[in-house]
Each structure stands twice: as C-alpha cells, then as structure tokens.
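For reference, the structure is listed below as structure tokens.
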Amino acid sequence: MKISWWKLNNILHRDVGYFFFGMTIIYAVSGIALNHITDWDPNYIIENRNVQVDKASLTPSMNARQIIDLIDQLNISKKIKKHYYPNPSTLKVFLEGGALTLNVRTGLGFLETVDRRPFLYEVNYLHYNHTKFLWTWFSDLYAVGLVLLAITGLFVLKGKNSFRKRGIWFVLAGTLIPLIFLLVYL
Amino acid sequence: MKALYFLSISLIFFLGCSNSNQKNTEQTASQEIASTPIDVIDVATVLADPVAYDGKEVALKGTVVHVCKHSGKRLHLLGSDQKTRLRIEAGEIGQFGRELEGSEIVAKGIFRREVIDEAYLAKWATELENDGSEQHKTHEEQTQQQGQIQQYREMMQETEDGHLQNFWVDGISFQTVDNEEEI
C-alpha cells in the first residue's frame, strides 16, 4: 500500500486540532488573562465599599453573637468565618468571600468582597498547573501537539496557496516579529 | 491504517501516563514525608523558641489573616494569642487562594530563621555596590535596598542583642480546619 504523506499530514493536522480544541481555548483565554496580570486580578472580582456602623454597637472585644448582629446591620448576606482585632482600634471580620474592616472608635470601615471569576478562575488554575500529576503530562502532550499542528499546518494546502508560494512569507513575518522584540529588548 | 493511527495516538498518551505513574510514586513518597506524623503546634509556640525549631519540620495551626494578593505565594498565619503572626511561603504548595483568608489551617513546612546583624548588612551593602557597578540593578532598586539596610540598622540599634531575626516557613502542605465561629 502506497502511503500518501500529504494525506497523512492532513489527517494528523485535522484530528490533533480537533482533539486539542479544548486545550487551545483554555490556554489561549487564560494566556490573555494572565498576560495582563498587572492591570487586573484575573482570578477574582474584588469590590470595595465604605461602610458606617453605629459605633455604640462596637466594643473592643465582641463575641460571635455581636458580630452576627453587626453583619445583619450592614445587610451583608455572607457567612462569617472568623473575627479578630489586628490592633486595639481595628476589628476585622472574615466572611465567606470577603472581609469587613472597621474602626471600633469611629464605626467607619470598608467591606471587601472577593468572588471567583467564573470560567477564568478555572482555566487559570489549569494554566498555572496547580493540579500537577497527570495534568503536567497532558499539557506537555498538548505542547507537542501544538508543534505538530504548526508543522503539519505548513503542508495542508497545495497550489498557489501552498507553503512554498504563499505561506513562507507569513511564516517569515510571524517569526520575524518575536526576533525584533528580542533584538530590541534583550 | 486507521487503526494504526489511533493506536499511535493511544500509545503516545499511555507512554505519558506510564511516566506519570512513576512521577506519582515519587510524589506520593514526598507526600508521605509531608504527612509524617508530627505534633500540631501553635504559631506562638514556635516563635517563643525559634532556635530550637530552626530548620525543622513543623505543623502549625493558625488563622490565615492575609494572602498575598498579587502572587498568592505567601500567607500570614495568626497564632491563637491573636498577636503572633508568621509568614508561610507557598513553596511546594504552589499558590494560596484568596478564599483562605479567615480560615483556620494546619500548615506543614520547614521553619526558617535568618539572623540580621551588622555582618549580614555589610555583606548585603557590598553586594549591592557590586551589582550597581555591574548594572544588574536599577538605580531605583539600589536606592530602595540601601534605604532598607539603613532601616534595619536603625531597628538593630533599638534591640538589646544588636541583631534582628526574620522567621518564615517554607510550606510543604496544608489543610483547612473547620473553623466556624461558635455562638
């Protein structure tokens, strides 16, 4: 049986592309999110708002019951985890997804809510390889798959749009850009 | 041909899996080391006698009062006295989630103690000078670190024994403990 290398190339390109569709989305989306890590928090939606409570309701050593009343007073629906006094004038209440910080002398403070960014948190988790074990190998396999996709992609088309006639210029341009950055910044 | 193709794909994947099984065994071994039974102690206990715990594996119980917002690479653990705090570096753990703030955890790791004395600061200053001449550091970084050295010197003058100590734990593993406040 005569093997058609061109056909084998296209089959490989097609099926590896199908197989790694999900991985490409995961790494591309989280890649953009993590690329701008200095501009935003890619994992959490963090909101802060100033609050004011009746200072008569604050004492230097409040018990759990008093903390619940305080949280109710502020209409916060989050569950209380723990509270403590970082210093004599500050009360910190940790909530499920946030924290309340209050000045016990003035009743002024702020509420910080922290919620996971849906989808992004999960894809970033995978991108960072927090799961380790098998994921390390599967993501390595994906990287090999990307190399395979890149190489086989060069030879998918024949004729006037082939690598030799058209593709080469795009490959050169796309390779030249990172090289220019290296020359300028390295 | 089709069967051969799918066989190759499966083979590649299973080769990866068999290697990862080997890796898993190594990982399990390191987890076993991490899970060697040691007494769970409070942050304050360790800091009361840091020399005795220097370089040793500890299991510390405390409340997470801060997780590094930018990297998640470290957190601060508060002792039961509600005053003593200790930094836990993520190390082998990788990263700490923001959700841990306010949770009670038991963190296992190696306790580290660093003594900052005049010799330490002199060495740091010399290295900084050499780095500056070799242009490894920016002027801003140099100025910042020089300020830090000066600050440490001032702090040292206020101590009885003429040195400062820096403590932290290189994390190996951790687990959360149910800590809902009792009413």
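Letters A, B, ... mark the chains of the structure tokens in the order given; residue numbers begin at 1 per chain; ligand numbers begin at 1, in order shown.
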
Helix (DSSP H, G or I) positions in chain A, given as a ChimeraX atom specification: /A:5-19,21-35,55-57,64-73,120-127,134-154,159-161,163-185

At a cut-off of 6 Å, using only C-alpha atoms, what residues contact Asp54 in chain B? Leave out same-chain residues fewer than 3 positions from it and give the result as a list in words. Val51, Phe111, Arg112 and Arg113 of chain B

Within 6 Å of Ala59 in chain B, counting only C-alpha atoms, which residues show up once you throw out same-chain ones fewer than 2 positions away? Write them as number ranges by chain, please. B: 40, 107-108

File dump, residues just selected, all heavy atoms, as a PDB file, in the first residue's frame:
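Result file is result.pdb:
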ATOM      1  N   VAL B  40       0.982  18.954  66.058  1.00  0.00           N
ATOM      2  CA  VAL B  40       0.496  20.253  65.578  1.00  0.00           C
ATOM      3  C   VAL B  40       0.662  21.252  66.718  1.00  0.00           C
ATOM      4  O   VAL B  40       0.198  21.020  67.830  1.00  0.00           O
ATOM      5  CB  VAL B  40      -0.987  20.160  65.148  1.00  0.00           C
ATOM      6  CG1 VAL B  40      -1.519  21.530  64.758  1.00  0.00           C
ATOM      7  CG2 VAL B  40      -1.141  19.180  63.999  1.00  0.00           C
ATOM      8  N   ALA B 107      -0.606  24.184  58.645  1.00  0.00           N
ATOM      9  CA  ALA B 107       0.388  24.272  57.570  1.00  0.00           C
ATOM     10  C   ALA B 107       1.635  23.508  57.979  1.00  0.00           C
ATOM     11  O   ALA B 107       2.159  23.703  59.070  1.00  0.00           O
ATOM     12  CB  ALA B 107       0.733  25.724  57.301  1.00  0.00           C
ATOM     13  N   LYS B 108       2.053  22.633  57.085  1.00  0.00           N
ATOM     14  CA  LYS B 108       3.255  21.853  57.347  1.00  0.00           C
ATOM     15  C   LYS B 108       4.397  22.412  56.502  1.00  0.00           C
ATOM     16  O   LYS B 108       4.193  22.750  55.334  1.00  0.00           O
ATOM     17  CB  LYS B 108       2.984  20.396  56.971  1.00  0.00           C
ATOM     18  CG  LYS B 108       3.784  19.413  57.787  1.00  0.00           C
ATOM     19  CD  LYS B 108       3.349  18.005  57.505  1.00  0.00           C
ATOM     20  CE  LYS B 108       2.392  17.496  58.551  1.00  0.00           C
ATOM     21  NZ  LYS B 108       2.177  16.043  58.472  1.00  0.00           N
TER      22      LYS B 108
END

Compare B:Asp81, B:Asp131, B:Glu89, B:Asp39 by their minimum atom-to-atom distance to chain A, counting only C-alpha atoms, and give me the closest one.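 Once distances to chain A are computed over only C-alpha atoms, the minimum belongs to B:Asp81.
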
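Residue nearest Thr63 in chain B within the list B:Gln175, B:Thr126, B:Gln145, B:Gln150: B:Gln175 [criterion: smallest interatomic distance, only C-alpha atoms].
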
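The coordinates place CA of Val51 in chain A at 28.4 Å from CA of Tyr121 in chain A.
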
Please determine, counting only C-alpha atoms, which residue among B:Gly62, B:Pro50, B:Gly147, B:Gly109 has the shortest atom-to-atom distance to chain A.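 Result for the nearest residue to chain A: B:Gly62.
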
DSSP on the backbone, strand (DSSP E) only: what residues of range 82-149 of chain A does that give? Format it as a PDB file with N, CA, C and O atoms, in the first residue's frame.
ATOM      1  N   LYS A  82     -14.542  34.185  60.789  1.00  0.00           N
ATOM      2  CA  LYS A  82     -13.722  34.445  61.975  1.00  0.00           C
ATOM      3  C   LYS A  82     -13.617  35.955  62.172  1.00  0.00           C
ATOM      4  O   LYS A  82     -13.736  36.718  61.221  1.00  0.00           O
ATOM      5  N   HIS A  83     -13.346  36.382  63.393  1.00  0.00           N
ATOM      6  CA  HIS A  83     -13.051  37.805  63.605  1.00  0.00           C
ATOM      7  C   HIS A  83     -11.893  37.954  64.588  1.00  0.00           C
ATOM      8  O   HIS A  83     -11.644  37.066  65.407  1.00  0.00           O
ATOM      9  N   TYR A  84     -11.169  39.054  64.441  1.00  0.00           N
ATOM     10  CA  TYR A  84     -10.078  39.332  65.376  1.00  0.00           C
ATOM     11  C   TYR A  84      -9.746  40.818  65.336  1.00  0.00           C
ATOM     12  O   TYR A  84     -10.238  41.558  64.466  1.00  0.00           O
ATOM     13  N   TYR A  85      -8.926  41.233  66.285  1.00  0.00           N
ATOM     14  CA  TYR A  85      -8.527  42.647  66.365  1.00  0.00           C
ATOM     15  C   TYR A  85      -7.035  42.769  66.012  1.00  0.00           C
ATOM     16  O   TYR A  85      -6.184  42.433  66.837  1.00  0.00           O
ATOM     17  N   PRO A  86      -6.702  43.223  64.800  1.00  0.00           N
ATOM     18  CA  PRO A  86      -5.279  43.384  64.440  1.00  0.00           C
ATOM     19  C   PRO A  86      -4.589  44.398  65.345  1.00  0.00           C
ATOM     20  O   PRO A  86      -3.399  44.313  65.590  1.00  0.00           O
ATOM     21  N   ASN A  87      -5.332  45.387  65.799  1.00  0.00           N
ATOM     22  CA  ASN A  87      -4.828  46.356  66.776  1.00  0.00           C
ATOM     23  C   ASN A  87      -6.040  46.828  67.593  1.00  0.00           C
ATOM     24  O   ASN A  87      -7.188  46.565  67.208  1.00  0.00           O
ATOM     25  N   THR A  90      -8.986  48.397  65.640  1.00  0.00           N
ATOM     26  CA  THR A  90      -9.483  47.802  64.389  1.00  0.00           C
ATOM     27  C   THR A  90     -10.093  46.419  64.619  1.00  0.00           C
ATOM     28  O   THR A  90      -9.492  45.569  65.272  1.00  0.00           O
ATOM     29  N   LEU A  91     -11.263  46.251  64.029  1.00  0.00           N
ATOM     30  CA  LEU A  91     -11.917  44.943  64.062  1.00  0.00           C
ATOM     31  C   LEU A  91     -11.933  44.400  62.628  1.00  0.00           C
ATOM     32  O   LEU A  91     -12.306  45.109  61.699  1.00  0.00           O
ATOM     33  N   LYS A  92     -11.515  43.156  62.480  1.00  0.00           N
ATOM     34  CA  LYS A  92     -11.561  42.543  61.154  1.00  0.00           C
ATOM     35  C   LYS A  92     -12.452  41.307  61.222  1.00  0.00           C
ATOM     36  O   LYS A  92     -12.246  40.436  62.064  1.00  0.00           O
ATOM     37  N   VAL A  93     -13.439  41.285  60.339  1.00  0.00           N
ATOM     38  CA  VAL A  93     -14.344  40.128  60.281  1.00  0.00           C
ATOM     39  C   VAL A  93     -14.145  39.453  58.929  1.00  0.00           C
ATOM     40  O   VAL A  93     -14.375  40.062  57.884  1.00  0.00           O
ATOM     41  N   PHE A  94     -13.710  38.211  58.955  1.00  0.00           N
ATOM     42  CA  PHE A  94     -13.541  37.453  57.714  1.00  0.00           C
ATOM     43  C   PHE A  94     -14.858  36.786  57.355  1.00  0.00           C
ATOM     44  O   PHE A  94     -15.497  36.163  58.208  1.00  0.00           O
ATOM     45  N   LEU A  95     -15.239  36.938  56.087  1.00  0.00           N
ATOM     46  CA  LEU A  95     -16.501  36.373  55.604  1.00  0.00           C
ATOM     47  C   LEU A  95     -16.216  35.352  54.510  1.00  0.00           C
ATOM     48  O   LEU A  95     -15.108  35.341  53.953  1.00  0.00           O
ATOM     49  N   GLY A  98     -14.811  37.448  51.373  1.00  0.00           N
ATOM     50  CA  GLY A  98     -14.597  38.860  51.679  1.00  0.00           C
ATOM     51  C   GLY A  98     -14.200  39.110  53.108  1.00  0.00           C
ATOM     52  O   GLY A  98     -13.984  38.171  53.881  1.00  0.00           O
ATOM     53  N   ALA A  99     -14.105  40.390  53.444  1.00  0.00           N
ATOM     54  CA  ALA A  99     -13.736  40.770  54.809  1.00  0.00           C
ATOM     55  C   ALA A  99     -14.259  42.172  55.104  1.00  0.00           C
ATOM     56  O   ALA A  99     -14.362  43.026  54.213  1.00  0.00           O
ATOM     57  N   LEU A 100     -14.587  42.357  56.372  1.00  0.00           N
ATOM     58  CA  LEU A 100     -15.051  43.672  56.821  1.00  0.00           C
ATOM     59  C   LEU A 100     -14.015  44.212  57.791  1.00  0.00           C
ATOM     60  O   LEU A 100     -13.613  43.516  58.726  1.00  0.00           O
ATOM     61  N   THR A 101     -13.561  45.431  57.550  1.00  0.00           N
ATOM     62  CA  THR A 101     -12.585  46.056  58.439  1.00  0.00           C
ATOM     63  C   THR A 101     -13.220  47.315  59.019  1.00  0.00           C
ATOM     64  O   THR A 101     -13.687  48.173  58.267  1.00  0.00           O
ATOM     65  N   LEU A 102     -13.259  47.402  60.329  1.00  0.00           N
ATOM     66  CA  LEU A 102     -13.933  48.541  60.977  1.00  0.00           C
ATOM     67  C   LEU A 102     -13.047  49.199  62.020  1.00  0.00           C
ATOM     68  O   LEU A 102     -12.326  48.510  62.754  1.00  0.00           O
ATOM     69  N   ASN A 103     -13.145  50.522  62.088  1.00  0.00           N
ATOM     70  CA  ASN A 103     -12.507  51.249  63.167  1.00  0.00           C
ATOM     71  C   ASN A 103     -13.508  51.259  64.323  1.00  0.00           C
ATOM     72  O   ASN A 103     -14.593  51.828  64.200  1.00  0.00           O
ATOM     73  N   LEU A 108     -16.395  53.640  61.296  1.00  0.00           N
ATOM     74  CA  LEU A 108     -16.134  53.704  59.850  1.00  0.00           C
ATOM     75  C   LEU A 108     -15.294  52.506  59.403  1.00  0.00           C
ATOM     76  O   LEU A 108     -14.460  52.010  60.166  1.00  0.00           O
ATOM     77  N   GLY A 109     -15.505  52.082  58.185  1.00  0.00           N
ATOM     78  CA  GLY A 109     -14.710  50.966  57.699  1.00  0.00           C
ATOM     79  C   GLY A 109     -14.991  50.673  56.245  1.00  0.00           C
ATOM     80  O   GLY A 109     -15.602  51.488  55.543  1.00  0.00           O
ATOM     81  N   PHE A 110     -14.526  49.518  55.793  1.00  0.00           N
ATOM     82  CA  PHE A 110     -14.814  49.137  54.417  1.00  0.00           C
ATOM     83  C   PHE A 110     -15.044  47.635  54.308  1.00  0.00           C
ATOM     84  O   PHE A 110     -14.505  46.844  55.087  1.00  0.00           O
ATOM     85  N   LEU A 111     -15.863  47.329  53.331  1.00  0.00           N
ATOM     86  CA  LEU A 111     -16.197  45.933  53.072  1.00  0.00           C
ATOM     87  C   LEU A 111     -15.561  45.537  51.748  1.00  0.00           C
ATOM     88  O   LEU A 111     -15.766  46.203  50.730  1.00  0.00           O
ATOM     89  N   GLU A 112     -14.785  44.476  51.781  1.00  0.00           N
ATOM     90  CA  GLU A 112     -14.171  43.971  50.552  1.00  0.00           C
ATOM     91  C   GLU A 112     -14.823  42.637  50.222  1.00  0.00           C
ATOM     92  O   GLU A 112     -14.850  41.736  51.055  1.00  0.00           O
ATOM     93  N   THR A 113     -15.373  42.537  49.033  1.00  0.00           N
ATOM     94  CA  THR A 113     -15.934  41.248  48.616  1.00  0.00           C
ATOM     95  C   THR A 113     -15.036  40.634  47.541  1.00  0.00           C
ATOM     96  O   THR A 113     -14.543  41.334  46.660  1.00  0.00           O
ATOM     97  N   VAL A 114     -14.825  39.352  47.686  1.00  0.00           N
ATOM     98  CA  VAL A 114     -13.935  38.628  46.764  1.00  0.00           C
ATOM     99  C   VAL A 114     -14.698  37.442  46.195  1.00  0.00           C
ATOM    100  O   VAL A 114     -15.114  36.562  46.943  1.00  0.00           O
ATOM    101  N   ASP A 115     -14.906  37.464  44.894  1.00  0.00           N
ATOM    102  CA  ASP A 115     -15.603  36.342  44.248  1.00  0.00           C
ATOM    103  C   ASP A 115     -14.770  35.817  43.083  1.00  0.00           C
ATOM    104  O   ASP A 115     -14.147  36.607  42.361  1.00  0.00           O
ATOM    105  N   ARG A 116     -14.797  34.514  42.932  1.00  0.00           N
ATOM    106  CA  ARG A 116     -14.052  33.924  41.815  1.00  0.00           C
ATOM    107  C   ARG A 116     -14.638  34.365  40.480  1.00  0.00           C
ATOM    108  O   ARG A 116     -15.858  34.431  40.348  1.00  0.00           O
TER     109      ARG A 116
END

Interatomic distance (Å, one decimal) between CA of Ile172 in chain B and CA of Asp140 in chain A: 24.6 Å

Compile the residues of chain A that lie within 6 Å of chain B, evaluated using only C-alpha atoms, and express the compilation as a PDB file with all heavy atoms, in the first residue's frame.
ATOM      1  N   ALA A  64     -19.128  36.283  69.090  1.00  0.00           N
ATOM      2  CA  ALA A  64     -19.657  35.866  67.785  1.00  0.00           C
ATOM      3  C   ALA A  64     -21.094  36.356  67.556  1.00  0.00           C
ATOM      4  O   ALA A  64     -21.457  36.742  66.443  1.00  0.00           O
ATOM      5  CB  ALA A  64     -19.588  34.356  67.677  1.00  0.00           C
ATOM      6  N   ARG A  65     -21.911  36.349  68.605  1.00  0.00           N
ATOM      7  CA  ARG A  65     -23.312  36.800  68.507  1.00  0.00           C
ATOM      8  C   ARG A  65     -23.356  38.280  68.101  1.00  0.00           C
ATOM      9  O   ARG A  65     -24.127  38.676  67.219  1.00  0.00           O
ATOM     10  CB  ARG A  65     -23.994  36.581  69.873  1.00  0.00           C
ATOM     11  CG  ARG A  65     -25.440  36.984  69.982  1.00  0.00           C
ATOM     12  CD  ARG A  65     -26.347  35.996  69.302  1.00  0.00           C
ATOM     13  NE  ARG A  65     -26.807  36.524  68.012  1.00  0.00           N
ATOM     14  CZ  ARG A  65     -27.429  35.825  67.106  1.00  0.00           C
ATOM     15  NH1 ARG A  65     -27.628  34.539  67.270  1.00  0.00           N
ATOM     16  NH2 ARG A  65     -27.834  36.368  65.974  1.00  0.00           N
ATOM     17  N   LYS A  81     -16.694  33.851  58.978  1.00  0.00           N
ATOM     18  CA  LYS A  81     -15.708  32.796  59.212  1.00  0.00           C
ATOM     19  C   LYS A  81     -15.006  32.985  60.554  1.00  0.00           C
ATOM     20  O   LYS A  81     -14.861  32.069  61.329  1.00  0.00           O
ATOM     21  CB  LYS A  81     -14.662  32.808  58.090  1.00  0.00           C
ATOM     22  CG  LYS A  81     -15.160  32.228  56.781  1.00  0.00           C
ATOM     23  CD  LYS A  81     -14.197  32.491  55.646  1.00  0.00           C
ATOM     24  CE  LYS A  81     -13.145  31.427  55.536  1.00  0.00           C
ATOM     25  NZ  LYS A  81     -12.271  31.663  54.350  1.00  0.00           N
ATOM     26  N   LYS A  82     -14.542  34.185  60.789  1.00  0.00           N
ATOM     27  CA  LYS A  82     -13.722  34.445  61.975  1.00  0.00           C
ATOM     28  C   LYS A  82     -13.617  35.955  62.172  1.00  0.00           C
ATOM     29  O   LYS A  82     -13.736  36.718  61.221  1.00  0.00           O
ATOM     30  CB  LYS A  82     -12.320  33.871  61.704  1.00  0.00           C
ATOM     31  CG  LYS A  82     -11.478  33.670  62.920  1.00  0.00           C
ATOM     32  CD  LYS A  82     -11.382  32.203  63.251  1.00  0.00           C
ATOM     33  CE  LYS A  82     -10.538  31.973  64.483  1.00  0.00           C
ATOM     34  NZ  LYS A  82     -10.641  30.597  64.965  1.00  0.00           N
ATOM     35  N   PHE A  94     -13.710  38.211  58.955  1.00  0.00           N
ATOM     36  CA  PHE A  94     -13.541  37.453  57.714  1.00  0.00           C
ATOM     37  C   PHE A  94     -14.858  36.786  57.355  1.00  0.00           C
ATOM     38  O   PHE A  94     -15.497  36.163  58.208  1.00  0.00           O
ATOM     39  CB  PHE A  94     -12.445  36.397  57.874  1.00  0.00           C
ATOM     40  CG  PHE A  94     -11.079  36.974  58.029  1.00  0.00           C
ATOM     41  CD1 PHE A  94     -10.441  36.968  59.256  1.00  0.00           C
ATOM     42  CD2 PHE A  94     -10.423  37.542  56.940  1.00  0.00           C
ATOM     43  CE1 PHE A  94      -9.177  37.511  59.401  1.00  0.00           C
ATOM     44  CE2 PHE A  94      -9.165  38.086  57.074  1.00  0.00           C
ATOM     45  CZ  PHE A  94      -8.543  38.075  58.305  1.00  0.00           C
ATOM     46  N   LEU A 134      -0.953  14.151  36.577  1.00  0.00           N
ATOM     47  CA  LEU A 134      -1.219  13.826  35.173  1.00  0.00           C
ATOM     48  C   LEU A 134      -1.353  15.060  34.289  1.00  0.00           C
ATOM     49  O   LEU A 134      -1.049  15.013  33.109  1.00  0.00           O
ATOM     50  CB  LEU A 134      -2.511  13.004  35.072  1.00  0.00           C
ATOM     51  CG  LEU A 134      -2.351  11.486  35.138  1.00  0.00           C
ATOM     52  CD1 LEU A 134      -3.715  10.825  35.110  1.00  0.00           C
ATOM     53  CD2 LEU A 134      -1.513  10.985  33.973  1.00  0.00           C
ATOM     54  N   TRP A 137       1.688  16.092  32.390  1.00  0.00           N
ATOM     55  CA  TRP A 137       1.989  15.296  31.197  1.00  0.00           C
ATOM     56  C   TRP A 137       1.005  15.581  30.072  1.00  0.00           C
ATOM     57  O   TRP A 137       1.401  15.622  28.903  1.00  0.00           O
ATOM     58  CB  TRP A 137       1.972  13.802  31.567  1.00  0.00           C
ATOM     59  CG  TRP A 137       3.090  13.510  32.513  1.00  0.00           C
ATOM     60  CD1 TRP A 137       3.017  13.401  33.871  1.00  0.00           C
ATOM     61  CD2 TRP A 137       4.470  13.374  32.183  1.00  0.00           C
ATOM     62  NE1 TRP A 137       4.250  13.190  34.403  1.00  0.00           N
ATOM     63  CE2 TRP A 137       5.180  13.162  33.391  1.00  0.00           C
ATOM     64  CE3 TRP A 137       5.189  13.394  30.990  1.00  0.00           C
ATOM     65  CZ2 TRP A 137       6.548  12.983  33.437  1.00  0.00           C
ATOM     66  CZ3 TRP A 137       6.563  13.218  31.045  1.00  0.00           C
ATOM     67  CH2 TRP A 137       7.224  13.018  32.253  1.00  0.00           C
TER      68      TRP A 137
END

As a PyMOL selection string, please: the residues near Trp6 in chain A (cut-off 10 Å, only C-alpha atoms, same-chain neighbours under 2 positions excluded). chain A and resi 3-4+8-12+152+155-158

Residue subset to file, keeping C-alpha atoms, as a compact mmCIF listing (two decimals), in the first residue's frame:
# COMPACT_ATOMS: atom_id res chain seq x y z
CA ILE A 3 1.30 5.88 1.78
CA SER A 4 0.22 9.37 0.79
CA LEU A 8 -1.42 11.57 6.41
CA ASN A 9 -0.25 15.11 7.17
CA ASN A 10 -3.77 16.50 6.71
CA ILE A 11 -5.41 13.77 8.77
CA LEU A 12 -2.93 14.38 11.56
CA THR A 152 1.64 19.86 9.56
CA PHE A 155 1.76 21.46 4.25
CA VAL A 156 -2.04 21.28 4.29
CA LEU A 157 -2.57 23.26 1.11
CA LYS A 158 -1.21 22.71 -2.36

For range 29-33 of chain A, find every residue with an atom within 8 Å (counting only C-alpha atoms), except residues of its own chain fewer than 2 positions away, and show them as a PyMOL selection string. chain A and resi 25-27+35-37+42+120+123-124+127

Smallest atom-to-atom distance to Asp54 in chain A: which of A:Phe170, A:Ala143, A:Val104, A:Thr131, using only C-alpha atoms?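 Closest to Asp54 in chain A of all the choices is A:Val104.
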
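Here the question is which of B:Met156, B:Ile110, B:Val43, B:Ala90 gets nearest to Leu77 in chain B using only C-alpha atoms, and that residue is B:Val43.
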
Counting only C-alpha atoms, the residue among B:Gln142, B:Glu114, B:Lys123, B:Asn130 that lies closest to Gln165 in chain B is B:Glu114

Could you pull the residues within 12 Å of Ala48 in chain B, counting only C-alpha atoms, minus those fewer than 5 positions along the same chain, as a ChimeraX atom specification? /B:41-43,53-54,79,84-86,167

Output of the above residues as a PDB file, in the first residue's frame, restricted to N, CA and C atoms:
ATOM      1  N   ILE B  41       1.381  22.321  66.397  1.00  0.00           N
ATOM      2  CA  ILE B  41       1.624  23.316  67.440  1.00  0.00           C
ATOM      3  C   ILE B  41       1.155  24.697  66.985  1.00  0.00           C
ATOM      4  N   ASP B  42       1.100  25.601  67.930  1.00  0.00           N
ATOM      5  CA  ASP B  42       0.633  26.948  67.643  1.00  0.00           C
ATOM      6  C   ASP B  42       1.807  27.818  67.156  1.00  0.00           C
ATOM      7  N   VAL B  43       1.469  28.832  66.371  1.00  0.00           N
ATOM      8  CA  VAL B  43       2.475  29.761  65.847  1.00  0.00           C
ATOM      9  C   VAL B  43       3.290  30.364  67.003  1.00  0.00           C
ATOM     10  N   TYR B  53      13.566  25.338  66.779  1.00  0.00           N
ATOM     11  CA  TYR B  53      12.824  24.849  65.609  1.00  0.00           C
ATOM     12  C   TYR B  53      13.525  25.156  64.277  1.00  0.00           C
ATOM     13  N   ASP B  54      14.623  25.897  64.329  1.00  0.00           N
ATOM     14  CA  ASP B  54      15.318  26.318  63.111  1.00  0.00           C
ATOM     15  C   ASP B  54      15.669  25.121  62.211  1.00  0.00           C
ATOM     16  N   GLY B  79      -1.448  33.312  65.308  1.00  0.00           N
ATOM     17  CA  GLY B  79      -1.489  32.340  66.397  1.00  0.00           C
ATOM     18  C   GLY B  79      -2.733  32.502  67.257  1.00  0.00           C
ATOM     19  N   THR B  84       0.586  36.923  67.523  1.00  0.00           N
ATOM     20  CA  THR B  84       1.756  36.400  66.818  1.00  0.00           C
ATOM     21  C   THR B  84       1.401  36.004  65.386  1.00  0.00           C
ATOM     22  N   ARG B  85       2.208  36.466  64.471  1.00  0.00           N
ATOM     23  CA  ARG B  85       1.986  36.141  63.055  1.00  0.00           C
ATOM     24  C   ARG B  85       3.243  35.533  62.471  1.00  0.00           C
ATOM     25  N   LEU B  86       3.053  34.635  61.537  1.00  0.00           N
ATOM     26  CA  LEU B  86       4.197  34.011  60.864  1.00  0.00           C
ATOM     27  C   LEU B  86       3.884  33.874  59.377  1.00  0.00           C
ATOM     28  N   PHE B 167      11.680  35.349  60.451  1.00  0.00           N
ATOM     29  CA  PHE B 167      11.177  33.970  60.517  1.00  0.00           C
ATOM     30  C   PHE B 167      10.160  33.704  59.409  1.00  0.00           C
TER      31      PHE B 167
END

Val144 in chain A surroundings by only C-alpha atoms, 12 Å radius, close-in-sequence under 2 positions cut, as an NGL selection string: (:A and (16-17 or 20 or 137-142 or 146-151)) or (:B and (12-13 or 16))

One number please: CA of Asn129 in chain A to CA of Leu75 in chain B, in Å, one decimal.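 Atom-to-atom, CA of Asn129 in chain A to CA of Leu75 in chain B, that is 19.8 Å.
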